[in-house]
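Trainee: Input: one structure, supplied below.
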Amino acid sequence: MVERIGRRPGRVMRAERIARRRAIPPDRHAPPDRRMRRSLPPLRAAVALTLLAGGLAACSGGGGGTPTLNWYINPDDGGQAKLAASCTKASGGKYKIKTSVLPNDATQQREQLVRRLAAKDSGLDIMSLDPVFVAEVANAGFLRPFTAAESKQFTDGVFPPAVQSSTWEGKLYAAPFWANTQLLWYRKSAAQKAGVDPSAPDFTWDKMIDAAVRTNTTVAAQGNRYEGYMVWINALISSAGGRIISDAEKGADATIEIDSPAGRQAATIIRKLARSKAASPTLSTDIEEQARSVLNGSRGGFMINWGYIWRAENGDAKAGVINKNIPADLGWARYPKVNANQDSKPPFGGIELGIGGYGKYRDTLAVDAVRCITTPENMKQYMIDTGNPAARAVVYDDPQIKKEFPMAGLIRDSINAASPRPITPYYTDVSGAVQSRWHPPASVDPNSTPRRSETFIRQVLRDQALL
Amino acid sequence: MMAAVQSAPAATKRRAGRAELSDRSRSERRLGLLLSAPAVIVMLLVTAYPLLNALYLSLFRYRITAPDDKKFVGLSNYWTALSDPLFWQNVFTTFIITFATVAVELVIGFGLAMVMHRALFARRTVRTAILLPYGIVTVISAFAWRYAFDLQSGFVNSWFGLGDYAWFSGRWSSLFVIVLSEIWKTTPFVSLLLLAGLAQVPNDLGEAATVDGATAWQRLRRVTIPNMKAAILVAVLFRTLDAWRIFDNVYIMTSGQQKTQTLSFLTYQQTITRTAIGLGDAVGVLLFLSVVLIAVVFIRGFRVDLSQVRGDR
């Protein structure tokens, strides 16, 4: 349309008048021809660019040009986009990685990926998967399994829980990219006032809650009805020596073991905290960030939370969002124990990279790209960029990492000792069923909640109950 | 919405049956049918097909992520849903939300319609101001209300001196916020429909009543409301059907926590989150049937004449 205005003399139509008025207000008095020419180049360029971009997207990898790999990523402030750019560069023109951001919440990320994969989306080459969902998509045949040779490379020096979470029925379906775990974060001043040492070998949940109650401080946790609450429940049960489910390979007929002494111990702790003064007033809706702001609040004491806290607290203090002195007062220790004589099993999280089973380059370029993204150097770069811990242990010996993350050694040991959440293709059902019966935290009762949740999980797995 | 569309021809037929048709009205009717045919065909394509497909799938135990385990189970998904206390709890929640919102919206909406109707100056400004909330995307308004009542980012608690009262930690307080935001959001819609009704009440009637010595209250009760009954019922029907399918507010504010799950949310939860397509579709079909039931009750029971909403009498 714009071009036509320039060429056509004489009558000016209304739309054109409007277009002119909008496009070139400054020199309204110049002759029409010149006006148009002046305003055209930017417009023309914009149109051309748009068309070009559309064309590129349409024929991505079709005939000519560099093949494009679509990488669906979880939101992370640009760390993965940066890796995509550097791997694109490193490929020397073999491929180009384009990132698309998934929703914030792990459950919603899964929803979108599953929808695309179920529709056999060929434009889904690489995806950042939460470890708990690997089994489900692998079992459905949505992922391309790695060959034995590839697997060796992707698991070399990688933390065992990450490998375990990426494996389904003996095959590696995803490449561990970064690994996460929770630490006990605390205000040194609060611990001192309570006279406790969170790093002591006999520091348990009981001691922590008592200390917080005694000094009128809080123990912040994730008690909202969402995946984070499941993380907490699973860590407590594992730390008490139990597990929620076994024989997961049997799918809907797996053995449910949540009604066990360990399950009851976990319930006792959750109940005790939720009903004490030490609980955040919004415990039943708190997610990670709310827990962090409880720790930063006037009654801040202890908190279980992921590794991103260090970066977030320092960033906020620098930006003036929180008190400048908080980072210096921030202490960290391994996830608290349930029993003093039993090592805790911290939660496990992170991201694994899966290759879509329907992508055009699933056997070639996508594997190359994943190989590039998961090199120790790139993992280190990612850890420095985003604060998300690498999946390979060797990264933690790097002097730069040690300097940036004073707790790097603790994170490494915690991930090594971490206990993954149940690895089952029905994970969403298991997790949803547990959350449904264990929420709100204050309603948990060791005498009934584990038993009721065991029955309920079984019913949900067999489609005998709504969730 | 679907139900309303389906029932429209039925209503026409009923009325047409009453009187003998002239040639002209018969050919007009044929023209009408022809003109609406494309729309009906599109409706059939985009609604009838998914509906039948859902009906079919609801007879299976089927998950997208476990395609090999697909198994025909007959009506057992319906039985599972209907015998599950969660289903009835959700029905109850949905009912509470529907009842509370429709009742309050009707009262406030009527007041606003009067204001819009009677406004002497700045008419357009008044109407725009009243209709503004309706123009806001529900998801955005839901976030706004959630943040307003949130303990950390909200201002409601400090305004009313509620300390650290956690609105979204209890069932009734959560429902209160959900209902409040729903009312704020959709009252303009009700008032718009009622305004159309008000405009239909002939001025002469009110004037005649005034001459007869009727007070304002009497005029409202005896003249205005009876004359706009049809518009009121249409407003109530539309809002009831909408409120019955409420999803966005619940999804954003509580994600169904604290027993605030509604029927739509339950369907979403089974179909999308759990990918339990069979069970989810069974709940979806039940939801659809309940919507049809509401529409039938209104249209047959209260004799809502949907043509009234067009303003022709």
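We name chains A, B, ... following the order of the structure tokens; residues begin at 1 in each chain, and ligands are numbered from 1 as shown.
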Which residues of chain B are close to chain A, meaning at most 10 Å apart when you count only C-alpha atoms, and how do they look as a PyMOL selection string?

Mentor: chain B and resi 61-69+76-77+79-87+150-152+164-170+254-259+266-267+269-270+272-276+278-280+283

Trainee: Please identify the strand (DSSP E) residues within segment 223-356 of chain A (assignment by DSSP from backbone atoms) and present them as a ChimeraX atom specification.

Mentor: /A:245-246,255-256,302-306,330-333,348-355

Trainee: Write a file of the just-selected residues containing N, CA, C and O atoms, as a short mmCIF file (atom, residue, chain, number, x, y, z; two decimals), in the first residue's frame.

Mentor:
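To be explicit, this is the file written out as selection08.cif:
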data_model
loop_
_atom_site.label_atom_id
_atom_site.label_comp_id
_atom_site.auth_asym_id
_atom_site.auth_seq_id
_atom_site.Cartn_x
_atom_site.Cartn_y
_atom_site.Cartn_z
N ILE A 245 6.77 -44.36 46.21
CA ILE A 245 6.32 -45.34 45.24
C ILE A 245 7.50 -46.22 44.87
O ILE A 245 8.64 -45.78 44.85
N SER A 246 7.24 -47.51 44.58
CA SER A 246 8.30 -48.35 44.03
C SER A 246 7.72 -49.17 42.88
O SER A 246 6.51 -49.15 42.65
N THR A 255 3.73 -50.10 43.20
CA THR A 255 3.47 -50.27 44.63
C THR A 255 3.55 -48.91 45.32
O THR A 255 4.53 -48.20 45.17
N ILE A 256 2.53 -48.58 46.06
CA ILE A 256 2.51 -47.29 46.77
C ILE A 256 2.97 -47.53 48.20
O ILE A 256 2.43 -48.40 48.88
N PHE A 302 14.72 -19.32 59.28
CA PHE A 302 15.23 -20.43 58.49
C PHE A 302 14.37 -20.62 57.25
O PHE A 302 13.21 -20.23 57.23
N MET A 303 14.95 -21.24 56.25
CA MET A 303 14.17 -21.48 55.03
C MET A 303 14.79 -22.64 54.25
O MET A 303 16.01 -22.73 54.12
N ILE A 304 13.95 -23.51 53.71
CA ILE A 304 14.47 -24.47 52.75
C ILE A 304 14.12 -23.93 51.37
O ILE A 304 13.00 -23.50 51.12
N ASN A 305 15.14 -23.90 50.51
CA ASN A 305 14.92 -23.34 49.18
C ASN A 305 16.06 -23.75 48.25
O ASN A 305 17.09 -24.24 48.69
N TRP A 306 15.83 -23.52 46.96
CA TRP A 306 16.79 -23.93 45.94
C TRP A 306 18.04 -23.06 45.94
O TRP A 306 18.10 -22.05 46.64
N LEU A 330 23.36 -14.05 55.77
CA LEU A 330 22.76 -15.27 55.21
C LEU A 330 23.70 -16.46 55.37
O LEU A 330 24.83 -16.44 54.92
N GLY A 331 23.20 -17.50 56.04
CA GLY A 331 24.01 -18.71 56.20
C GLY A 331 23.38 -19.85 55.44
O GLY A 331 22.24 -19.76 54.98
N TRP A 332 24.13 -20.91 55.22
CA TRP A 332 23.59 -22.07 54.52
C TRP A 332 24.13 -23.35 55.11
O TRP A 332 25.23 -23.38 55.67
N ALA A 333 23.32 -24.38 55.03
CA ALA A 333 23.73 -25.69 55.55
C ALA A 333 23.01 -26.75 54.74
O ALA A 333 22.10 -26.44 53.97
N PHE A 348 15.89 -33.08 44.62
CA PHE A 348 16.64 -32.99 43.37
C PHE A 348 15.77 -32.31 42.32
O PHE A 348 14.58 -32.58 42.20
N GLY A 349 16.39 -31.42 41.59
CA GLY A 349 15.65 -30.74 40.51
C GLY A 349 16.59 -30.46 39.36
O GLY A 349 17.57 -31.17 39.17
N GLY A 350 16.31 -29.42 38.62
CA GLY A 350 17.18 -29.06 37.51
C GLY A 350 16.48 -29.18 36.18
O GLY A 350 15.25 -29.15 36.11
N ILE A 351 17.27 -29.32 35.14
CA ILE A 351 16.71 -29.42 33.79
C ILE A 351 17.49 -30.45 32.99
O ILE A 351 18.71 -30.52 33.06
N GLU A 352 16.77 -31.29 32.28
CA GLU A 352 17.38 -32.25 31.36
C GLU A 352 16.95 -31.84 29.95
O GLU A 352 15.85 -31.33 29.75
N LEU A 353 17.83 -32.11 28.99
CA LEU A 353 17.50 -31.75 27.61
C LEU A 353 17.02 -32.98 26.85
O LEU A 353 17.75 -33.96 26.71
N GLY A 354 15.79 -32.92 26.39
CA GLY A 354 15.25 -34.02 25.60
C GLY A 354 15.21 -33.63 24.13
O GLY A 354 15.14 -32.45 23.79
N ILE A 355 15.26 -34.64 23.27
CA ILE A 355 15.16 -34.38 21.83
C ILE A 355 13.81 -34.89 21.35
O ILE A 355 13.47 -36.06 21.57
#

Trainee: In Å to one decimal, how far is atom CA of Ala179 of chain A from atom CA of Val101 of chain A?

Mentor: 19.4 Å

Trainee: Report the residues of segment 76-205 of chain B whose backbone DSSP state falls under alpha helix (DSSP H), written as an MDAnalysis selection string.

Mentor: chainID B and resid 76:82 85:118 123:135 138:149 156:159 171:200 203:205

Trainee: Keeping C-alpha atoms, export the residues of the selection given above as a short mmCIF file (atom, residue, chain, number, x, y, z; two decimals), in the first residue's frame.

Mentor:
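Saved as part23.cif:
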data_model
loop_
_atom_site.label_atom_id
_atom_site.label_comp_id
_atom_site.auth_asym_id
_atom_site.auth_seq_id
_atom_site.Cartn_x
_atom_site.Cartn_y
_atom_site.Cartn_z
CA SER B 76 -17.55 -46.25 33.98
CA ASN B 77 -15.86 -42.83 33.65
CA TYR B 78 -19.26 -41.25 34.22
CA TRP B 79 -19.81 -43.45 37.21
CA THR B 80 -16.38 -42.54 38.59
CA ALA B 81 -17.15 -38.85 38.20
CA LEU B 82 -20.67 -38.98 39.59
CA PRO B 85 -17.31 -36.55 46.34
CA LEU B 86 -14.90 -34.14 44.65
CA PHE B 87 -17.29 -33.80 41.73
CA TRP B 88 -20.16 -32.82 43.99
CA GLN B 89 -17.96 -30.53 46.01
CA ASN B 90 -17.10 -28.79 42.74
CA VAL B 91 -20.75 -28.63 41.74
CA PHE B 92 -21.49 -26.99 45.06
CA THR B 93 -18.63 -24.48 44.69
CA THR B 94 -19.76 -23.65 41.16
CA PHE B 95 -23.30 -23.19 42.41
CA ILE B 96 -22.22 -20.85 45.20
CA ILE B 97 -20.20 -18.74 42.79
CA THR B 98 -22.99 -18.66 40.23
CA PHE B 99 -25.70 -17.82 42.72
CA ALA B 100 -23.74 -15.13 44.54
CA THR B 101 -22.44 -13.42 41.42
CA VAL B 102 -25.70 -13.46 39.48
CA ALA B 103 -27.74 -12.18 42.43
CA VAL B 104 -25.41 -9.32 43.27
CA GLU B 105 -24.76 -8.45 39.64
CA LEU B 106 -28.45 -8.19 38.96
CA VAL B 107 -28.98 -5.66 41.74
CA ILE B 108 -25.89 -3.57 41.04
CA GLY B 109 -26.37 -3.97 37.29
CA PHE B 110 -29.89 -2.63 37.56
CA GLY B 111 -28.68 0.39 39.48
CA LEU B 112 -25.98 1.06 36.91
CA ALA B 113 -28.46 0.62 34.07
CA MET B 114 -30.67 3.24 35.70
CA VAL B 115 -27.71 5.58 35.99
CA MET B 116 -26.81 5.06 32.34
CA HIS B 117 -30.42 5.46 31.32
CA ARG B 118 -31.05 8.59 33.30
CA ARG B 123 -23.71 10.32 29.09
CA ARG B 124 -20.99 8.79 27.01
CA THR B 125 -18.42 9.24 29.74
CA VAL B 126 -20.70 7.61 32.28
CA ARG B 127 -21.41 4.67 30.01
CA THR B 128 -17.75 4.23 29.15
CA ALA B 129 -16.76 4.35 32.80
CA ILE B 130 -19.36 1.74 33.69
CA LEU B 131 -18.44 -0.54 30.83
CA LEU B 132 -14.70 -0.31 31.35
CA PRO B 133 -14.26 -3.40 33.57
CA TYR B 134 -16.03 -5.51 30.99
CA GLY B 135 -13.44 -4.53 28.42
CA THR B 138 -10.53 -11.66 32.59
CA VAL B 139 -7.06 -13.08 33.17
CA ILE B 140 -5.68 -9.60 33.70
CA SER B 141 -8.44 -8.57 36.04
CA ALA B 142 -7.93 -11.83 37.93
CA PHE B 143 -4.25 -11.03 38.40
CA ALA B 144 -5.07 -7.50 39.50
CA TRP B 145 -7.47 -8.75 42.16
CA ARG B 146 -5.11 -11.47 43.25
CA TYR B 147 -2.28 -9.03 43.75
CA ALA B 148 -4.58 -6.61 45.53
CA PHE B 149 -5.47 -9.24 48.11
CA VAL B 156 -6.35 -4.49 50.83
CA ASN B 157 -5.08 -5.66 54.20
CA SER B 158 -3.38 -2.38 55.01
CA TRP B 159 -6.43 -0.39 53.92
CA ARG B 171 -12.10 -21.57 51.28
CA TRP B 172 -14.66 -18.88 51.96
CA SER B 173 -12.27 -15.96 51.89
CA SER B 174 -10.88 -17.22 48.57
CA LEU B 175 -14.37 -17.62 47.17
CA PHE B 176 -15.20 -14.15 48.41
CA VAL B 177 -12.37 -12.62 46.40
CA ILE B 178 -13.21 -14.72 43.35
CA VAL B 179 -16.85 -13.69 43.51
CA LEU B 180 -15.93 -10.06 44.09
CA SER B 181 -13.68 -9.93 41.06
CA GLU B 182 -16.25 -11.75 38.96
CA ILE B 183 -18.90 -9.23 40.00
CA TRP B 184 -16.64 -6.29 39.26
CA LYS B 185 -15.81 -7.75 35.89
CA THR B 186 -19.23 -8.74 34.57
CA THR B 187 -21.73 -6.40 36.19
CA PRO B 188 -21.32 -4.04 33.20
CA PHE B 189 -22.51 -6.83 30.93
CA VAL B 190 -25.64 -7.27 32.99
CA SER B 191 -26.25 -3.56 33.15
CA LEU B 192 -25.88 -3.32 29.39
CA LEU B 193 -28.56 -5.95 28.84
CA LEU B 194 -30.77 -4.28 31.41
CA LEU B 195 -30.22 -0.91 29.79
CA ALA B 196 -31.60 -2.37 26.57
CA GLY B 197 -34.60 -3.55 28.57
CA LEU B 198 -35.06 -0.16 30.21
CA ALA B 199 -34.98 1.55 26.84
CA GLN B 200 -37.88 -0.63 25.77
CA ASN B 203 -42.14 6.54 28.74
CA ASP B 204 -45.92 7.00 28.51
CA LEU B 205 -46.48 4.17 30.97
#

Trainee: Atom CA of Lys98 of chain A to atom CA of Ser128 of chain A: how many Å, to one decimal?

Mentor: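 Atom CA of Lys98 of chain A sits 13.1 Å away from atom CA of Ser128 of chain A.
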
Trainee: Find, counting only C-alpha atoms, the residue in A:Asn74, A:Asn388, A:Thr66, A:Thr88 that gets nearest to Ala106 of chain A.

Mentor: A:Asn74
